[in-house]
Amino acid sequence: MSTPQAGILLPLPPLARYLAFNLEPGTDVAAGFAALQRIVDGEHTVAGIGMAPLGALGRKVTGLKPFPPLSGPGVDIPSTPFALWLWLRGDDRGELLHRARHIETALAPAFTLADSWDAFKHDGGRDLSGYEDGTENPEGDDATAAAIAADGSSFVAVQRWTHNFSHLEAMQPEERDHCIGRRRSDNEELDDAPESAHVKRTAQESFTPEAFLVRRSMPWAEGRSAGLMFVAFGHSVDAFQAQMRRMLGLEDGIVDALFRFTRPVSGAYFWCPPMVEGKLQLPR
């Protein structure tokens, strides 16, 4: 019996490391997948597979699509596809570092590391802007219904957002709250928030069909740059795509106020295979 990768629905870990890999042309992709099955337990290491390695083996996953670049008034959403994405969950940065090193070695030469980002839980689950992230996340059976397909697999949308803290801090507190649609102090939703408020742009129940996702985002920081590693799991990519189009104002011309202080610098979709007897179940 197939089951979801457990880490998808577990609470956020204290620390994480995200690894993104490219597919090396002319290599043995099947051997790379075999190594992936030995590495990924679905709980401490969650795996998402892109279109390139599946295509190289003549395999196709229904519902997995290219991440589309999108543009709205003054805003661009980039597409940065990768062959493979891994979410390493843990509570010790050194352990994550060494686990990532061993994974990189094990997956070579088929998969070569293209990007690596460390993330962390901040202030009980708040974004570095000070606002709670994922307040409206479904829970329990609702989370399973939103994030997991009938066969136990999932799809994940991954974006790295970079915050402009100077812009954020230049705003008055009420102005900042109206960008989000919640008070930073107590996380209460604002009845008088403008239509551009992020909460109103992405209200999951306001879409047809409803666009529920399970967000597992975490803050990241490197040098003087920092932001949010946005990670959202769904039983398809459609809910995420609907939310992103509305954020860009493609429905009604109203651009999400979130873009006043943060922008995505990457974007990709991945398919997260289910587990069978402790191993990733890859398409035949």
# chains A, B, ... in the order shown; residues from 1 in each chain; ligands from 1
$ select_by_dssp --residues "region 5-222 of chain A" --states "strand (DSSP E)" --output "PyMOL selection string"
chain A and resi 15-23+45-49+70-72+75-77+84-90+111-120+154-163+214-215+218-222
$ residues_around --residues "Phe261 (chain A)" --least-positions-apart "2" --cutoff "10 Å" --atoms "only C-alpha atoms" --output "PyMOL selection string"
chain A and resi 129+162-169+171+176+179+257-259+263
$ residues_around --residues "Trp87 (chain A)" --least-positions-apart "6" --cutoff "6 Å" --atoms "only C-alpha atoms" --output "list of chain:residue names"
A:Tyr18, A:Thr45, A:Val46
$ select_by_dssp --residues "region 91-195 of chain A" --states "helix (DSSP H, G or I)" --output "PyMOL selection string"
chain A and resi 93-107+140-147+165-170+173-180
$ closest_atom_pairs --of "region 64-154 of chain A" --to "region 268-284 of chain A" --cutoff "9 Å" --atoms "only C-alpha atoms" --output "CSV"
residue,atom,partner,partner_atom,distance
A:Leu64,CA,A:Trp271,CA,6.4
A:Lys65,CA,A:Tyr269,CA,7.1
A:Pro66,CA,A:Tyr269,CA,6.8
A:Phe67,CA,A:Ala268,CA,5.2
A:Pro68,CA,A:Ala268,CA,8.5
A:Pro78,CA,A:Ala268,CA,8.9
A:Ser79,CA,A:Ala268,CA,6.2
A:Thr80,CA,A:Ala268,CA,5.7
A:Pro81,CA,A:Ala268,CA,5.0
A:Phe82,CA,A:Ala268,CA,7.0
A:Ala83,CA,A:Phe270,CA,8.4
A:Leu84,CA,A:Phe270,CA,7.5
A:Trp85,CA,A:Phe270,CA,7.3
A:Asp151,CA,A:Pro274,CA,7.2
A:Gly152,CA,A:Pro274,CA,4.9
A:Ser153,CA,A:Pro274,CA,4.5
A:Ser154,CA,A:Cys272,CA,5.0
$ closest_residue --among "A:Val265, A:Ala242, A:Ala157, A:Ile148" --to "Leu9 (chain A)" --atoms "only C-alpha atoms"
A:Ile148
$ decode --residues "region 99-123 of chain A" --atoms "N, CA, C and O atoms" --output "mmCIF file, in the first residue's frame"
data_model
loop_
_atom_site.group_PDB
_atom_site.id
_atom_site.type_symbol
_atom_site.label_atom_id
_atom_site.label_comp_id
_atom_site.auth_asym_id
_atom_site.auth_seq_id
_atom_site.Cartn_x
_atom_site.Cartn_y
_atom_site.Cartn_z
ATOM 1 N N ARG A 99 24.720 15.438 5.870
ATOM 2 C CA ARG A 99 23.748 14.648 5.125
ATOM 3 C C ARG A 99 23.685 15.125 3.679
ATOM 4 O O ARG A 99 23.639 14.326 2.741
ATOM 5 N N ALA A 100 23.683 16.453 3.491
ATOM 6 C CA ALA A 100 23.652 17.008 2.136
ATOM 7 C C ALA A 100 24.890 16.611 1.343
ATOM 8 O O ALA A 100 24.800 16.283 0.146
ATOM 9 N N ARG A 101 26.053 16.611 1.975
ATOM 10 C CA ARG A 101 27.298 16.219 1.302
ATOM 11 C C ARG A 101 27.205 14.776 0.818
ATOM 12 O O ARG A 101 27.565 14.460 -0.323
ATOM 13 N N HIS A 102 26.740 13.886 1.694
ATOM 14 C CA HIS A 102 26.652 12.470 1.327
ATOM 15 C C HIS A 102 25.624 12.252 0.221
ATOM 16 O O HIS A 102 25.832 11.421 -0.672
ATOM 17 N N ILE A 103 24.535 12.987 0.272
ATOM 18 C CA ILE A 103 23.516 12.876 -0.776
ATOM 19 C C ILE A 103 24.079 13.327 -2.117
ATOM 20 O O ILE A 103 23.874 12.675 -3.153
ATOM 21 N N GLU A 104 24.778 14.440 -2.117
ATOM 22 C CA GLU A 104 25.373 14.953 -3.363
ATOM 23 C C GLU A 104 26.298 13.907 -3.981
ATOM 24 O O GLU A 104 26.266 13.668 -5.201
ATOM 25 N N THR A 105 27.097 13.255 -3.155
ATOM 26 C CA THR A 105 28.012 12.230 -3.652
ATOM 27 C C THR A 105 27.246 11.023 -4.182
ATOM 28 O O THR A 105 27.562 10.478 -5.244
ATOM 29 N N ALA A 106 26.215 10.617 -3.453
ATOM 30 C CA ALA A 106 25.472 9.418 -3.833
ATOM 31 C C ALA A 106 24.708 9.586 -5.138
ATOM 32 O O ALA A 106 24.540 8.629 -5.900
ATOM 33 N N LEU A 107 24.226 10.787 -5.418
ATOM 34 C CA LEU A 107 23.415 11.018 -6.607
ATOM 35 C C LEU A 107 24.237 11.287 -7.865
ATOM 36 O O LEU A 107 23.705 11.270 -8.974
ATOM 37 N N ALA A 108 25.519 11.553 -7.692
ATOM 38 C CA ALA A 108 26.392 11.763 -8.847
ATOM 39 C C ALA A 108 26.647 10.423 -9.545
ATOM 40 O O ALA A 108 26.647 9.371 -8.896
ATOM 41 N N PRO A 109 26.868 10.429 -10.859
ATOM 42 C CA PRO A 109 26.976 11.596 -11.734
ATOM 43 C C PRO A 109 25.667 12.000 -12.398
ATOM 44 O O PRO A 109 25.635 12.985 -13.117
ATOM 45 N N ALA A 110 24.570 11.257 -12.165
ATOM 46 C CA ALA A 110 23.326 11.564 -12.877
ATOM 47 C C ALA A 110 22.781 12.933 -12.489
ATOM 48 O O ALA A 110 22.329 13.706 -13.342
ATOM 49 N N PHE A 111 22.831 13.238 -11.190
ATOM 50 C CA PHE A 111 22.303 14.513 -10.693
ATOM 51 C C PHE A 111 23.437 15.335 -10.100
ATOM 52 O O PHE A 111 24.202 14.836 -9.272
ATOM 53 N N THR A 112 23.553 16.575 -10.534
ATOM 54 C CA THR A 112 24.591 17.469 -10.029
ATOM 55 C C THR A 112 23.945 18.618 -9.275
ATOM 56 O O THR A 112 22.964 19.216 -9.744
ATOM 57 N N LEU A 113 24.496 18.935 -8.117
ATOM 58 C CA LEU A 113 23.925 19.970 -7.268
ATOM 59 C C LEU A 113 24.020 21.333 -7.947
ATOM 60 O O LEU A 113 25.086 21.761 -8.366
ATOM 61 N N ALA A 114 22.872 22.011 -8.035
ATOM 62 C CA ALA A 114 22.814 23.328 -8.665
ATOM 63 C C ALA A 114 22.593 24.436 -7.650
ATOM 64 O O ALA A 114 23.019 25.571 -7.860
ATOM 65 N N ASP A 115 21.922 24.115 -6.549
ATOM 66 C CA ASP A 115 21.588 25.146 -5.569
ATOM 67 C C ASP A 115 21.382 24.508 -4.215
ATOM 68 O O ASP A 115 20.923 23.356 -4.118
ATOM 69 N N SER A 116 21.710 25.243 -3.161
ATOM 70 C CA SER A 116 21.533 24.756 -1.799
ATOM 71 C C SER A 116 21.217 25.940 -0.898
ATOM 72 O O SER A 116 21.919 26.957 -0.941
ATOM 73 N N TRP A 117 20.167 25.799 -0.084
ATOM 74 C CA TRP A 117 19.749 26.894 0.788
ATOM 75 C C TRP A 117 19.401 26.352 2.165
ATOM 76 O O TRP A 117 18.686 25.366 2.289
ATOM 77 N N ASP A 118 19.904 27.022 3.193
ATOM 78 C CA ASP A 118 19.566 26.677 4.569
ATOM 79 C C ASP A 118 18.351 27.488 5.014
ATOM 80 O O ASP A 118 18.194 28.662 4.643
ATOM 81 N N ALA A 119 17.494 26.876 5.820
ATOM 82 C CA ALA A 119 16.304 27.545 6.329
ATOM 83 C C ALA A 119 16.128 27.202 7.802
ATOM 84 O O ALA A 119 16.748 26.277 8.322
ATOM 85 N N PHE A 120 15.243 27.942 8.462
ATOM 86 C CA PHE A 120 15.090 27.787 9.903
ATOM 87 C C PHE A 120 13.701 28.243 10.324
ATOM 88 O O PHE A 120 13.050 29.052 9.651
ATOM 89 N N LYS A 121 13.244 27.707 11.433
ATOM 90 C CA LYS A 121 11.986 28.143 12.015
ATOM 91 C C LYS A 121 12.262 29.390 12.849
ATOM 92 O O LYS A 121 13.227 29.436 13.610
ATOM 93 N N HIS A 122 11.392 30.391 12.702
ATOM 94 C CA HIS A 122 11.635 31.687 13.333
ATOM 95 C C HIS A 122 10.432 32.105 14.171
ATOM 96 O O HIS A 122 9.298 32.102 13.678
ATOM 97 N N ASP A 123 10.676 32.419 15.428
ATOM 98 C CA ASP A 123 9.671 33.043 16.290
ATOM 99 C C ASP A 123 8.338 32.283 16.259
ATOM 100 O O ASP A 123 7.271 32.869 16.036
#
